[in-house]
file query_4.txt (compact mmCIF, C-alpha atoms and all ligand atoms)
# COMPACT_ATOMS: atom_id res chain seq x y z
CA MET A 1 32.61 9.04 4.13
CA SER A 2 30.36 11.55 2.42
CA ASN A 3 28.34 14.07 4.41
CA ALA A 4 24.78 12.76 4.34
CA VAL A 5 22.03 15.36 4.00
CA SER A 6 18.28 14.85 4.03
CA ALA A 7 16.01 15.77 1.12
CA LEU A 8 15.03 19.22 2.41
CA GLN A 9 17.45 19.61 5.31
CA GLY A 10 14.80 20.22 7.93
CA ALA A 11 12.54 22.58 5.99
CA ALA A 12 9.57 23.79 8.03
CA PHE A 13 6.26 25.55 7.43
CA SER A 14 4.59 27.00 10.50
CA ASP A 15 2.42 29.88 9.31
CA GLY A 16 -0.73 27.86 8.76
CA ILE A 17 -3.32 25.67 10.47
CA ALA A 18 -0.74 22.95 11.14
CA GLU A 19 3.02 22.77 11.36
CA VAL A 20 4.85 20.89 8.63
CA ARG A 21 8.42 19.84 9.22
CA GLU A 22 10.89 17.66 7.38
CA LEU A 23 12.47 15.47 10.03
CA GLY A 24 15.94 15.27 8.57
CA LEU A 25 17.98 12.10 8.38
CA ARG A 26 16.24 8.90 9.48
CA GLY A 27 17.56 5.39 9.31
CA MET A 28 15.23 3.14 7.34
CA ILE A 29 15.62 -0.50 6.46
CA THR A 30 13.42 -2.55 4.18
CA LEU A 31 13.16 -6.05 5.60
CA ARG A 32 11.53 -8.70 3.44
CA GLY A 33 11.02 -12.30 4.39
CA ASP A 34 8.66 -14.69 6.13
CA LEU A 35 7.05 -12.55 8.85
CA SER A 36 6.12 -15.66 10.85
CA ASP A 37 9.71 -16.90 10.97
CA LYS A 38 10.96 -17.11 14.58
CA LYS A 39 14.43 -15.82 13.74
CA LEU A 40 12.97 -12.85 11.89
CA ILE A 41 10.54 -12.01 14.71
CA LYS A 42 13.37 -12.14 17.22
CA ALA A 43 15.55 -9.87 15.07
CA VAL A 44 12.71 -7.35 14.63
CA LYS A 45 12.01 -7.34 18.37
CA ALA A 46 15.66 -6.59 19.02
CA VAL A 47 15.34 -3.45 16.86
CA ALA A 48 11.81 -2.19 17.57
CA GLY A 49 10.85 -3.89 20.84
CA ALA A 50 7.88 -5.68 19.26
CA MET A 51 6.66 -7.25 16.05
CA PRO A 52 4.01 -5.05 14.38
CA GLU A 53 0.60 -6.58 13.65
CA GLN A 54 -0.96 -6.31 10.22
CA ARG A 55 -1.31 -2.62 9.18
CA LYS A 56 0.22 -1.50 12.48
CA ILE A 57 3.45 0.07 13.64
CA ALA A 58 5.49 -0.88 16.71
CA LEU A 59 7.42 2.01 18.23
CA LYS A 60 10.18 2.07 20.81
CA GLY A 61 11.82 5.44 21.38
CA ASP A 62 13.68 6.43 18.22
CA ALA A 63 13.14 3.02 16.64
CA GLY A 64 10.13 1.37 15.06
CA ALA A 65 8.87 -1.38 12.81
CA ALA A 66 6.00 -0.82 10.38
CA TRP A 67 3.95 -3.49 8.57
CA MET A 68 4.30 -2.80 4.83
CA SER A 69 2.82 -5.99 3.36
CA LEU A 70 2.53 -9.73 3.99
CA ASP A 71 6.26 -10.15 3.46
CA GLU A 72 7.73 -6.74 4.19
CA LEU A 73 8.49 -4.50 7.16
CA LEU A 74 10.01 -1.03 7.34
CA LEU A 75 12.42 -0.76 10.23
CA MET A 76 13.27 2.68 11.54
CA VAL A 77 16.40 3.46 13.53
CA PRO A 78 18.61 6.54 14.07
CA HIS A 79 20.34 7.32 10.76
CA SER A 80 23.81 6.51 12.05
CA ASP A 81 22.62 3.04 13.19
CA ALA A 82 21.18 1.96 9.82
CA LEU A 83 24.24 0.23 8.37
CA GLY A 84 25.02 -1.48 11.65
CA THR A 85 21.41 -2.70 11.95
CA VAL A 86 21.56 -4.17 8.44
CA GLU A 87 24.73 -6.04 9.40
CA THR A 88 23.09 -7.32 12.58
CA LEU A 89 20.06 -8.50 10.59
CA ASN A 90 22.27 -10.16 7.98
CA SER A 91 24.04 -12.23 10.59
CA ALA A 92 20.89 -12.94 12.66
CA LEU A 93 18.94 -14.15 9.61
CA ASN A 94 21.79 -15.96 7.90
CA GLY A 95 20.47 -19.12 6.24
CA THR A 96 16.86 -17.94 5.90
CA HIS A 97 15.27 -16.44 2.78
CA PHE A 98 15.22 -12.69 3.43
CA LEU A 99 16.36 -9.27 2.30
CA ALA A 100 17.57 -6.38 4.46
CA ALA A 101 18.32 -3.21 2.53
CA ASN A 102 19.33 0.21 3.83
CA VAL A 103 16.91 2.64 2.15
CA SER A 104 17.55 5.57 4.51
CA ASP A 105 18.73 7.95 1.82
CA ALA A 106 15.95 6.96 -0.58
CA ARG A 107 13.23 8.33 1.71
CA ALA A 108 12.02 11.63 3.12
CA VAL A 109 10.10 11.89 6.41
CA PHE A 110 7.75 14.65 7.49
CA GLU A 111 5.74 15.52 10.54
CA VAL A 112 2.40 17.30 10.38
CA SER A 113 1.34 18.53 13.80
CA GLY A 114 -1.22 20.71 15.49
CA PRO A 115 -4.96 20.59 16.20
CA TYR A 116 -5.73 20.63 12.46
CA ALA A 117 -3.23 17.97 11.45
CA ARG A 118 -6.10 15.58 10.65
CA ASP A 119 -7.65 18.14 8.30
CA VAL A 120 -4.37 18.53 6.43
CA MET A 121 -3.91 14.77 6.05
CA ALA A 122 -7.52 14.18 5.04
CA LYS A 123 -7.25 16.71 2.23
CA LEU A 124 -4.50 14.73 0.57
CA ALA A 125 -5.07 10.98 1.05
CA PRO A 126 -8.13 8.83 0.19
CA VAL A 127 -8.22 7.51 3.75
CA ASP A 128 -10.70 7.96 6.62
CA PHE A 129 -8.97 10.20 9.18
CA ALA A 130 -11.88 10.44 11.63
CA PRO A 131 -10.46 10.15 15.18
CA ASP A 132 -12.15 6.77 15.71
CA ALA A 133 -11.08 5.47 12.29
CA PHE A 134 -7.40 6.43 12.24
CA GLU A 135 -5.71 5.97 15.60
CA MET A 136 -2.32 5.78 17.24
CA GLY A 137 -0.51 2.58 16.32
CA MET A 138 -2.05 2.29 12.86
CA PHE A 139 0.15 2.36 9.78
CA ARG A 140 -1.29 3.02 6.35
CA ARG A 141 0.27 2.92 2.92
CA SER A 142 -1.66 4.96 0.40
CA ARG A 143 -1.06 8.00 -1.74
CA MET A 144 -0.96 11.72 -1.00
CA ALA A 145 -2.20 13.63 -4.04
CA GLN A 146 -0.12 12.07 -6.81
CA VAL A 147 2.63 10.22 -4.96
CA PRO A 148 2.79 7.04 -2.84
CA ALA A 149 3.12 7.69 0.89
CA ALA A 150 2.86 5.91 4.21
CA PHE A 151 1.77 7.48 7.46
CA TRP A 152 1.10 6.91 11.15
CA MET A 153 0.42 8.97 14.25
CA SER A 154 3.35 9.95 16.45
CA ASP A 155 1.18 11.81 18.97
CA GLU A 156 -2.44 12.85 19.60
CA ASP A 157 -2.25 15.66 17.04
CA ALA A 158 0.75 14.61 14.99
CA PHE A 159 1.27 12.49 11.89
CA ARG A 160 4.48 11.20 10.36
CA VAL A 161 4.62 10.84 6.58
CA VAL A 162 7.20 8.84 4.62
CA CYS A 163 7.64 9.19 0.88
CA PHE A 164 10.32 8.67 -1.74
CA ARG A 165 13.12 11.21 -1.50
CA SER A 166 12.70 12.07 -5.18
CA VAL A 167 9.27 13.55 -4.40
CA GLY A 168 10.26 15.09 -1.06
CA GLU A 169 9.91 18.66 -2.25
CA TYR A 170 6.54 17.88 -3.85
CA MET A 171 5.36 16.40 -0.55
CA PHE A 172 6.54 19.41 1.45
CA ASP A 173 4.80 21.83 -0.93
CA LEU A 174 1.67 19.70 -0.87
CA LEU A 175 1.50 19.59 2.93
CA SER A 176 2.27 23.31 3.20
CA VAL A 177 -0.50 24.26 0.78
CA ALA A 178 -2.97 21.96 2.54
CA ALA A 179 -1.98 23.65 5.82
CA GLN A 180 -2.31 27.24 4.63
CA THR A 181 -3.98 29.81 6.86
CA GLY A 182 -7.76 29.84 6.77
CA SER A 183 -8.08 26.41 5.17
CA GLU A 184 -9.63 24.59 8.15
CA VAL A 185 -12.32 22.13 7.09
CA ASP A 186 -13.52 21.37 10.62
CA VAL A 187 -15.03 18.00 9.79
CA PHE A 188 -13.47 16.17 12.73
CA MET B 1 -15.75 5.13 -8.22
CA LEU B 2 -14.89 1.55 -7.29
CA ILE B 3 -14.32 0.58 -3.67
CA LEU B 4 -12.06 -2.49 -3.48
CA GLU B 5 -10.90 -4.52 -0.52
CA CYS B 6 -7.38 -5.83 -0.97
CA PRO B 7 -7.37 -9.50 0.14
CA CYS B 8 -3.63 -9.31 0.83
CA CYS B 9 -3.39 -6.44 3.34
CA GLY B 10 -7.08 -6.03 4.19
CA VAL B 11 -7.29 -2.34 3.29
CA THR B 12 -10.57 -1.12 1.82
CA GLY B 13 -9.69 1.68 -0.53
CA GLU B 14 -11.03 3.57 -3.49
CA GLU B 15 -9.81 2.86 -6.98
CA THR B 16 -7.06 5.48 -7.16
CA GLU B 17 -5.16 3.43 -4.60
CA PHE B 18 -5.20 0.48 -7.03
CA HIS B 19 -4.22 -0.20 -10.61
CA ALA B 20 -6.24 -2.28 -13.05
CA GLY B 21 -4.30 -5.20 -14.51
CA GLY B 22 -6.62 -6.46 -17.23
CA GLU B 23 -8.62 -9.61 -17.61
CA ALA B 24 -8.32 -12.39 -15.02
CA HIS B 25 -7.54 -16.09 -15.46
CA LEU B 26 -5.77 -15.89 -18.82
CA LYS B 27 -3.80 -18.95 -19.77
CA ARG B 28 -0.36 -17.93 -20.95
CA HIS B 29 -0.06 -20.04 -24.08
CA SER B 30 3.57 -20.11 -25.08
CA VAL B 31 6.13 -22.64 -26.33
CA GLY B 32 4.36 -25.61 -27.90
CA SER B 33 1.02 -23.85 -28.35
CA THR B 34 -0.84 -23.59 -31.64
CA ASP B 35 -1.05 -20.28 -33.48
CA ASP B 36 -4.72 -20.04 -32.50
CA GLN B 37 -3.95 -20.52 -28.82
CA PHE B 38 -1.17 -17.95 -28.93
CA GLU B 39 -3.43 -15.46 -30.69
CA GLU B 40 -6.09 -16.12 -28.04
CA TYR B 41 -3.61 -15.39 -25.27
CA LEU B 42 -2.22 -12.26 -26.88
CA PHE B 43 -5.30 -10.58 -28.30
CA MET B 44 -8.66 -12.11 -27.42
CA ARG B 45 -10.32 -10.45 -24.46
CA GLU B 46 -13.77 -10.43 -22.91
CA ASN B 47 -15.55 -7.10 -23.02
CA PRO B 48 -18.75 -7.83 -21.12
CA ARG B 49 -21.58 -5.55 -20.16
CA GLY B 50 -22.12 -6.92 -16.67
CA VAL B 51 -20.12 -9.46 -14.67
CA HIS B 52 -16.39 -9.24 -15.25
CA LEU B 53 -13.36 -10.85 -13.59
CA GLU B 54 -10.21 -8.74 -13.47
CA ARG B 55 -6.72 -8.53 -12.04
CA TRP B 56 -5.89 -5.55 -9.86
CA ARG B 57 -2.76 -4.41 -8.07
CA HIS B 58 -2.66 -2.52 -4.78
CA ASN B 59 0.02 -0.23 -6.16
CA ASN B 60 -0.45 2.65 -3.69
CA GLY B 61 -0.45 0.19 -0.81
CA CYS B 62 0.93 -3.26 -0.13
CA GLY B 63 1.96 -3.69 -3.78
CA LYS B 64 0.33 -7.11 -4.21
CA TRP B 65 -1.78 -8.45 -7.08
CA PHE B 66 -5.26 -9.84 -6.52
CA HIS B 67 -8.50 -10.64 -8.38
CA ALA B 68 -11.79 -8.75 -8.37
CA ALA B 69 -15.26 -9.71 -9.57
CA ARG B 70 -17.36 -6.71 -10.48
CA CYS B 71 -20.09 -5.40 -12.74
CA THR B 72 -18.91 -3.18 -15.60
CA MET B 73 -22.34 -1.60 -15.88
CA THR B 74 -23.03 -0.59 -12.27
CA LEU B 75 -19.44 -0.63 -10.90
CA GLU B 76 -20.72 -2.90 -8.12
CA VAL B 77 -17.94 -5.06 -6.67
CA PHE B 78 -19.06 -8.61 -5.88
CA GLY B 79 -15.85 -9.49 -4.13
CA THR B 80 -12.07 -9.74 -4.28
CA TYR B 81 -9.99 -12.89 -4.00
CA PRO B 82 -6.32 -13.95 -4.00
CA ALA B 83 -4.19 -13.97 -7.14
CA GLN B 84 -3.02 -17.54 -6.56
CA THR B 85 -5.98 -19.28 -8.19
CA TYR B 86 -7.06 -20.34 -11.69
CA GLU B 87 -10.73 -19.66 -11.08
CA PRO B 88 -12.95 -17.65 -8.74
CA PRO B 89 -13.59 -19.40 -5.40
CA GLN B 90 -17.08 -20.71 -4.65
CA GLU B 91 -17.98 -17.83 -2.29
CA ILE B 92 -17.25 -15.31 -5.04
CA LYS B 93 -19.36 -17.29 -7.53
CA ASP B 94 -22.14 -17.41 -4.93
CA ALA B 95 -21.88 -13.66 -4.31
CA ILE B 96 -22.24 -13.00 -8.04
CA SER B 97 -25.13 -15.46 -8.37
CA ALA B 98 -26.97 -13.72 -5.53
CA LYS B 99 -26.92 -10.46 -7.46
CA ARG B 100 -26.85 -11.65 -11.07
CA PRO B 101 -28.68 -15.01 -11.27
CA GLY B 102 -27.71 -17.00 -14.35
CA TRP B 103 -24.49 -15.08 -14.99
CA SER B 104 -21.66 -16.56 -17.01
CA TRP B 105 -18.17 -15.41 -17.91
CA ARG B 106 -16.01 -17.51 -20.25
CA ASN B 107 -16.20 -21.02 -18.74
CA PHE B 108 -17.43 -19.91 -15.33
CA SER B 109 -21.00 -19.52 -14.17
ZN ZN C 201 -3.09 -4.45 -0.25
call {"tool": "encode", "arguments": {"input": "query_4.txt", "output": "structure tokens", "more": "lines below"}}
Ligand SMILES: [Zn+2]
result
Amino acid sequence: MSNAVSALQGAAFSDGIAEVRELGLRGMITLRGDLSDKKLIKAVKAVAGAMPEQRKIALKGDAGAAWMSLDELLLMVPHSDALGTVETLNSALNGTHFLAANVSDARAVFEVSGPYARDVMAKLAPVDFAPDAFEMGMFRRSRMAQVPAAFWMSDEDAFRVVCFRSVGEYMFDLLSVAAQTGSEVDVF
Amino acid sequence: MLILECPCCGVTGEETEFHAGGEAHLKRHSVGSTDDQFEEYLFMRENPRGVHLERWRHNNGCGKWFHAARCTMTLEVFGTYPAQTYEPPQEIKDAISAKRPGWSWRNFS
């Protein structure tokens, strides 16, 4: 078994208006199929506690399920549980039309936190981050500067960002620059 | 800047979240077609000043294809509708008619 390492091995930037941190290894599974299928809903609930509504994320401790599109969810589990979860899904959904793929090592995950986290996010994505427009429980796929990204809130002042691992360093640099000292916008 | 609402995931986003996919409702003439039909499919495109029907993809989002009816002159979007149709639904036609009475686009009006 190889020694898995995350894209930036926990890199952090904390000298600015918000803290940016790469969250290290995360288990991520792409699950595609009929999201109204009873077997699929049951299998998702077993992982994340609940089935996410459209454009929402269901969170339970270290695990979660995010709504990616009409036929796709992103399941999040501890990294060491990813392969086991795929096997569980494969046997639970046997006989239905679905796909469960372990994409853990194809992704990078970041957290942007602090009172100005919204400012940092709003600088980079074409999305309304006003407190009453982007709330806890929402999940949005969009872009951040030039790369695709998905994000949600993990706390009052904290956002999680997922992107492709191949652009992990770009994302970290982007977030760090957007969080540099003195760059508050103060629109929210 | 275009503001489009993706009918698949429901997100309203600006155009950099989407990717234009060319003219809508093309018939893919292929095996068994005449040379004229095949030429039509490959090369002949509408280039209107005004109402236009297009395919778009929510590439920085849910990844799905859909259709949009918009004005090439004012960038006004009349509406978006699912990809799984050969022609614009009645409510889209009505929305265009409300703003551009007497419009026509290929066989639709
Ligand atoms: Zn969409």
call {"tool": "closest_residue", "arguments": {"input": "query_4.txt", "among": "A:Asp71, A:Val161, A:Ala100, A:Val77", "to": "Leu59 (chain A)", "atoms": "only C-alpha atoms"}}
result
A:Val77
call {"tool": "interface_residues", "arguments": {"input": "query_4.txt", "of": "chain B", "to": "chain A", "cutoff": "10 Å", "atoms": "all atoms listed in the file", "output": "PyMOL selection string"}}
result
chain B and resi 8-18+58-64
call {"tool": "atom_distance", "arguments": {"input": "query_4.txt", "atom1": "CA of Asp15 (chain A)", "atom2": "CA of Asp119 (chain A)"}}
result
15.5 Å
call {"tool": "residues_around", "arguments": {"input": "query_4.txt", "residues": "region 79-96 of chain B", "least_positions_apart": "4", "cutoff": "6 Å", "atoms": "all atoms listed in the file", "output": "ChimeraX atom specification"}}
result
/B:7,25,66-69,100
call {"tool": "atom_distance", "arguments": {"input": "query_4.txt", "atom1": "CA of Leu73 (chain A)", "atom2": "CA of Ile57 (chain A)"}}
result
9.4 Å
call {"tool": "axis_aligned_box", "arguments": {"input": "query_4.txt", "around": "region 107-110 of chain A", "padding_each_side": "4 Å", "output": "lines of an AutoDock Vina configuration file"}}
result
center_x = 10.5
center_y = 11.5
center_z = 4.6
size_x = 13.5
size_y = 14.3
size_z = 13.8
call {"tool": "atom_distance", "arguments": {"input": "query_4.txt", "atom1": "CA of Thr72 (chain B)", "atom2": "CA of Leu53 (chain B)"}}
result
9.7 Å
call {"tool": "closest_residue", "arguments": {"input": "query_4.txt", "among": "B:Trp65, B:Ala20, B:Gly50, B:Arg28", "to": "ligand ZN 201 (chain C)", "atoms": "all atoms listed in the file"}}
result
B:Trp65
call {"tool": "closest_residue", "arguments": {"input": "query_4.txt", "among": "B:Trp103, B:Phe108, B:Trp56, B:Phe78", "to": "ligand ZN 201 (chain C)", "atoms": "all atoms listed in the file"}}
result
B:Trp56
call {"tool": "closest_residue", "arguments": {"input": "query_4.txt", "among": "B:Gly102, B:His29, B:Leu2, B:Phe38", "to": "Val51 (chain B)", "atoms": "all atoms listed in the file"}}
result
B:Gly102
call {"tool": "closest_residue", "arguments": {"input": "query_4.txt", "among": "B:Glu76, B:Gln37, B:Arg57, B:Pro101", "to": "ligand ZN 201 (chain C)", "atoms": "only C-alpha atoms and all ligand atoms"}}
result
B:Arg57
call {"tool": "closest_residue", "arguments": {"input": "query_4.txt", "among": "B:Glu5, B:Asp36, B:Glu54, B:Glu23", "to": "ligand ZN 201 (chain C)", "atoms": "only C-alpha atoms and all ligand atoms"}}
result
B:Glu5
call {"tool": "residues_around", "arguments": {"input": "query_4.txt", "residues": "region 175-184 of chain A", "least_positions_apart": "4", "cutoff": "8 Å", "atoms": "all atoms listed in the file", "output": "PyMOL selection string"}}
result
chain A and resi 13+15-20+112+116+119-121+123-124+171
